[in-house]
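Quick notes on the structure that follows.
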Amino acid sequence: MTIAFYLPGYIPVYAFSLLLGAGAALGLGWLAWRSEPRAARPRVVLGLAVLAGGLIGGRLAFVAVYAAYYRAHPNEILALPLGGLSWPGAALGGLLVWMAMAWLQKNALLQTADVLVPLFASISLAAWLGCWLDGCAYGQPSEAWYALPAVDEWGNLAPRWPLQPLGALLSLLILIAHDWARTRAGQPYPGRVASFGFLALALAWWLLTTLRADPAPRWNGQRLDAWAALGFLLLAAILAIASLKSQVENCESGIENRESRIRN
């Protein structure tokens with residue numbers, strides 16, 4: 001793992017962890033910046049809870065996938081500084097906390113869906129950049145003009161298909177596009193923009209995961225994380241359909257109310 005710098009006492013600060021922290025701060029800051037003053041604090045609290053769920057879920061999923069190793073080294077299960085997070089587990093943990101918080105606060109899921117996209121996109125951006133530095137989630141070797149140097153998990157540097165920079169760029173573009181669309185559309189239909197932002201993120205995760213060249217556990221010939229990405233894509237599609245259905249129902253209800261006022 002790439003070390004960014006050392007704290008007093010020769011304590012290493014890893015570049016990947018530093019980037020994830022910056023991504024989390026970016027997502028939370030974006031939420032606060034784009035929220036109304038009275039809504040900023042609840043959204044940031046929800047964002048912090050989602051991030052905590054993501055951290056726990058990511059670690060639990062990683063330990064589960066490599067259970068044989070952690071049975072032999074149980075003292076390392078909680079050793080987060082040594083690395084080891086599963087992005088599907090992190091995404092699932094964040095989603096579960098989002099749903100639980102919405103239920104506890106008696107909010108409809110679509111009303112709080114706008115919290116997800118800035119957080120997930122900013123963390124995705126940071127994770128892809130971190131993997132570019134640390135030699136994970138890399139692409140196939142390539143001699144094409146667009147190939148960029150990247151290391152693998154053994155530290156071998158070679159020109160590769162620029163999977164990690166592309167993942168970071170797509171995450172940033174989705175973050176900006178979601179913010180632009182949400183500002184332009186306003187909030188007549190809660191979650192409408194967010195549902196399609198999450199759909200774009202899930203589609204990018206699925207496409208890029210299928211192109212990864214780093215070793216990973218497989219099932220039926222496909223990477224486990226590619227199957228997980230496909231599951232998130234289906235979930236995002238369901239959320240988008242639910243948002244459209246809610247929009248149609250609201251429109252029909254508005255038409256009926258106007259017709260009733262006209263008759264009366």
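In the structure tokens, the first chain shown is A, the next is B, and so on; residue numbers restart at 1 for each chain, and ligands run from 1 in the order shown.
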Find the spatial neighbours of Ile77 in chain A, counting only C-alpha atoms, within a cut-off of 9 Å - ignore same-chain residues fewer than 2 positions away - and output them as a short mmCIF file (atom, residue, chain, number, x, y, z; two decimals) with N, CA and C atoms, in the first residue's frame.
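Resulting contents of out13.cif:
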data_model
loop_
_atom_site.label_atom_id
_atom_site.label_comp_id
_atom_site.auth_asym_id
_atom_site.auth_seq_id
_atom_site.Cartn_x
_atom_site.Cartn_y
_atom_site.Cartn_z
N ARG A 59 -16.12 -4.04 5.16
CA ARG A 59 -15.18 -4.90 5.88
C ARG A 59 -15.75 -6.30 6.09
N LEU A 60 -17.03 -6.38 6.46
CA LEU A 60 -17.65 -7.69 6.67
C LEU A 60 -17.65 -8.53 5.39
N VAL A 63 -14.07 -9.79 4.67
CA VAL A 63 -13.72 -10.90 5.58
C VAL A 63 -14.46 -12.17 5.18
N TYR A 70 -8.90 -15.29 7.28
CA TYR A 70 -9.19 -14.64 8.55
C TYR A 70 -9.50 -15.65 9.66
N HIS A 73 -6.13 -15.98 10.86
CA HIS A 73 -5.59 -14.74 11.42
C HIS A 73 -6.74 -13.90 12.00
N PRO A 74 -7.44 -14.39 13.00
CA PRO A 74 -8.61 -13.66 13.52
C PRO A 74 -8.26 -12.30 14.11
N ASN A 75 -7.02 -12.12 14.54
CA ASN A 75 -6.62 -10.84 15.12
C ASN A 75 -6.57 -9.72 14.08
N ALA A 79 -8.37 -5.11 11.89
CA ALA A 79 -7.17 -4.32 11.58
C ALA A 79 -7.39 -3.57 10.26
N LEU A 80 -8.25 -2.57 10.27
CA LEU A 80 -8.56 -1.81 9.06
C LEU A 80 -7.34 -1.11 8.45
#
**Q.** Exercise: Arg34 in chain A partners within 9 Å, only C-alpha atoms, chain neighbours under 4 positions left out, as a VMD selection string
**A.** chain A and resid 29 to 30 40 179 183
Q. Expressed in Å to a single decimal, how great is the separation between CA of Leu51 in chain A and CA of Asp225 in chain A?
A.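 Spanning CA of Leu51 in chain A to CA of Asp225 in chain A is a straight-line distance of 19.7 Å.
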**Q.** Spatial neighbours of range 97-100 of chain A, 7 Å, only C-alpha atoms, chain gap at least 2 places, as a ChimeraX atom specification
**A.** /A:49-50,53,93-95,102-104,109
Q: Compare A:Leu20, A:Ala64, A:Leu230, A:Leu199 by their minimum atom-to-atom distance to Gly89 in chain A, counting only C-alpha atoms, and give me the closest one.
A: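 Looking at the shortest contact to Gly89 in chain A, the residue is A:Ala64.
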Given only C-alpha atoms, how would the per-residue table for range 6-63 of chain A near range 119-130 of chain A read, listing every residue at most 6 Å away with its closest atom pair and distance in Å to one decimal, sorted by chain and number, as a Markdown table?
| residue | atom | partner | partner_atom | distance |
| --- | --- | --- | --- | --- |
| A:Phe16 | CA | A:Gly130 | CA | 4.5 |
| A:Leu19 | CA | A:Ala126 | CA | 5.3 |
| A:Leu20 | CA | A:Ala126 | CA | 5.4 |
| A:Gly23 | CA | A:Ile123 | CA | 4.8 |
| A:Ala24 | CA | A:Ile123 | CA | 6.0 |
| A:Gly27 | CA | A:Leu119 | CA | 4.5 |
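The smallest atom-to-atom distance between Val115 in chain A and any of A:Ala237, A:Ala15, A:Ala202, A:Leu48, using only C-alpha atoms, is found for A:Leu48.
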Q | DSSP helix (DSSP H, G or I) selection over range 23-230 of chain A, as a PyMOL selection string | A | chain A and resi 23-33+37-65+67-72+74-76+80-82+87-104+109-134+163-185+192-210+224-230
Excluding Pro149 in chain A and its own-chain neighbours fewer than 5 positions away, which residues fall within 7 Å of it when counting only C-alpha atoms? Please give them as a compact mmCIF listing (two decimals) with N, CA and C atoms, in the first residue's frame.
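In the end it all went to selection_33.txt:
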# COMPACT_ATOMS: atom_id res chain seq x y z
N LEU A 157 4.98 -2.28 -12.95
CA LEU A 157 4.47 -1.15 -13.69
C LEU A 157 4.40 -1.49 -15.18
N ALA A 158 3.25 -1.22 -15.81
CA ALA A 158 3.08 -1.52 -17.23
C ALA A 158 2.00 -0.63 -17.80
N PRO A 159 2.06 -0.32 -19.11
CA PRO A 159 0.95 0.43 -19.73
C PRO A 159 -0.30 -0.44 -19.77
N ARG A 160 -1.39 0.11 -19.33
CA ARG A 160 -2.63 -0.66 -19.23
C ARG A 160 -3.81 0.16 -19.75
Q: Give the strand (DSSP E) residues of range 52-225 of chain A, as DSSP finds them on the backbone, and put them as a PyMOL selection string.
A: chain A and resi 148-151+157-160+218-219+222-223
Same residues, N, CA and C atoms, saved as a PDB file, in the first residue's frame:
ATOM      1  N   LEU A 148      -2.244   3.921 -20.091  1.00  0.00           N
ATOM      2  CA  LEU A 148      -1.545   4.689 -19.062  1.00  0.00           C
ATOM      3  C   LEU A 148      -0.789   3.729 -18.135  1.00  0.00           C
ATOM      4  N   PRO A 149       0.341   4.177 -17.588  1.00  0.00           N
ATOM      5  CA  PRO A 149       1.085   3.292 -16.674  1.00  0.00           C
ATOM      6  C   PRO A 149       0.312   3.044 -15.390  1.00  0.00           C
ATOM      7  N   ALA A 150       0.283   1.790 -14.983  1.00  0.00           N
ATOM      8  CA  ALA A 150      -0.385   1.410 -13.736  1.00  0.00           C
ATOM      9  C   ALA A 150       0.302   0.179 -13.184  1.00  0.00           C
ATOM     10  N   VAL A 151       0.341   0.078 -11.870  1.00  0.00           N
ATOM     11  CA  VAL A 151       0.976  -1.075 -11.230  1.00  0.00           C
ATOM     12  C   VAL A 151      -0.075  -2.129 -10.915  1.00  0.00           C
ATOM     13  N   LEU A 157       4.984  -2.283 -12.950  1.00  0.00           N
ATOM     14  CA  LEU A 157       4.466  -1.146 -13.692  1.00  0.00           C
ATOM     15  C   LEU A 157       4.403  -1.487 -15.179  1.00  0.00           C
ATOM     16  N   ALA A 158       3.251  -1.224 -15.808  1.00  0.00           N
ATOM     17  CA  ALA A 158       3.084  -1.525 -17.231  1.00  0.00           C
ATOM     18  C   ALA A 158       1.998  -0.629 -17.800  1.00  0.00           C
ATOM     19  N   PRO A 159       2.061  -0.320 -19.108  1.00  0.00           N
ATOM     20  CA  PRO A 159       0.955   0.431 -19.725  1.00  0.00           C
ATOM     21  C   PRO A 159      -0.299  -0.435 -19.769  1.00  0.00           C
ATOM     22  N   ARG A 160      -1.392   0.109 -19.328  1.00  0.00           N
ATOM     23  CA  ARG A 160      -2.633  -0.655 -19.233  1.00  0.00           C
ATOM     24  C   ARG A 160      -3.809   0.158 -19.748  1.00  0.00           C
ATOM     25  N   ARG A 218     -14.504 -16.042  -8.447  1.00  0.00           N
ATOM     26  CA  ARG A 218     -15.458 -16.089  -9.558  1.00  0.00           C
ATOM     27  C   ARG A 218     -16.576 -17.080  -9.259  1.00  0.00           C
ATOM     28  N   TRP A 219     -17.691 -16.859  -9.950  1.00  0.00           N
ATOM     29  CA  TRP A 219     -18.828 -17.766  -9.888  1.00  0.00           C
ATOM     30  C   TRP A 219     -19.449 -17.831 -11.277  1.00  0.00           C
ATOM     31  N   GLN A 222     -17.798 -15.614 -13.981  1.00  0.00           N
ATOM     32  CA  GLN A 222     -17.755 -14.163 -13.823  1.00  0.00           C
ATOM     33  C   GLN A 222     -17.265 -13.797 -12.431  1.00  0.00           C
ATOM     34  N   ARG A 223     -16.643 -12.645 -12.323  1.00  0.00           N
ATOM     35  CA  ARG A 223     -16.181 -12.151 -11.036  1.00  0.00           C
ATOM     36  C   ARG A 223     -17.368 -11.983 -10.086  1.00  0.00           C
TER      37      ARG A 223
END
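Nearest residue to Leu110 in chain A, choosing from A:Ile11, A:Ala194, A:Ala213, A:Leu201 and counting only C-alpha atoms: A:Ala194.
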Q. What lies within 7 Å of Ile3 in chain A using only C-alpha atoms, ignoring chain neighbours under 5 positions off, as an NGL selection string?
A. :A and (12-15)
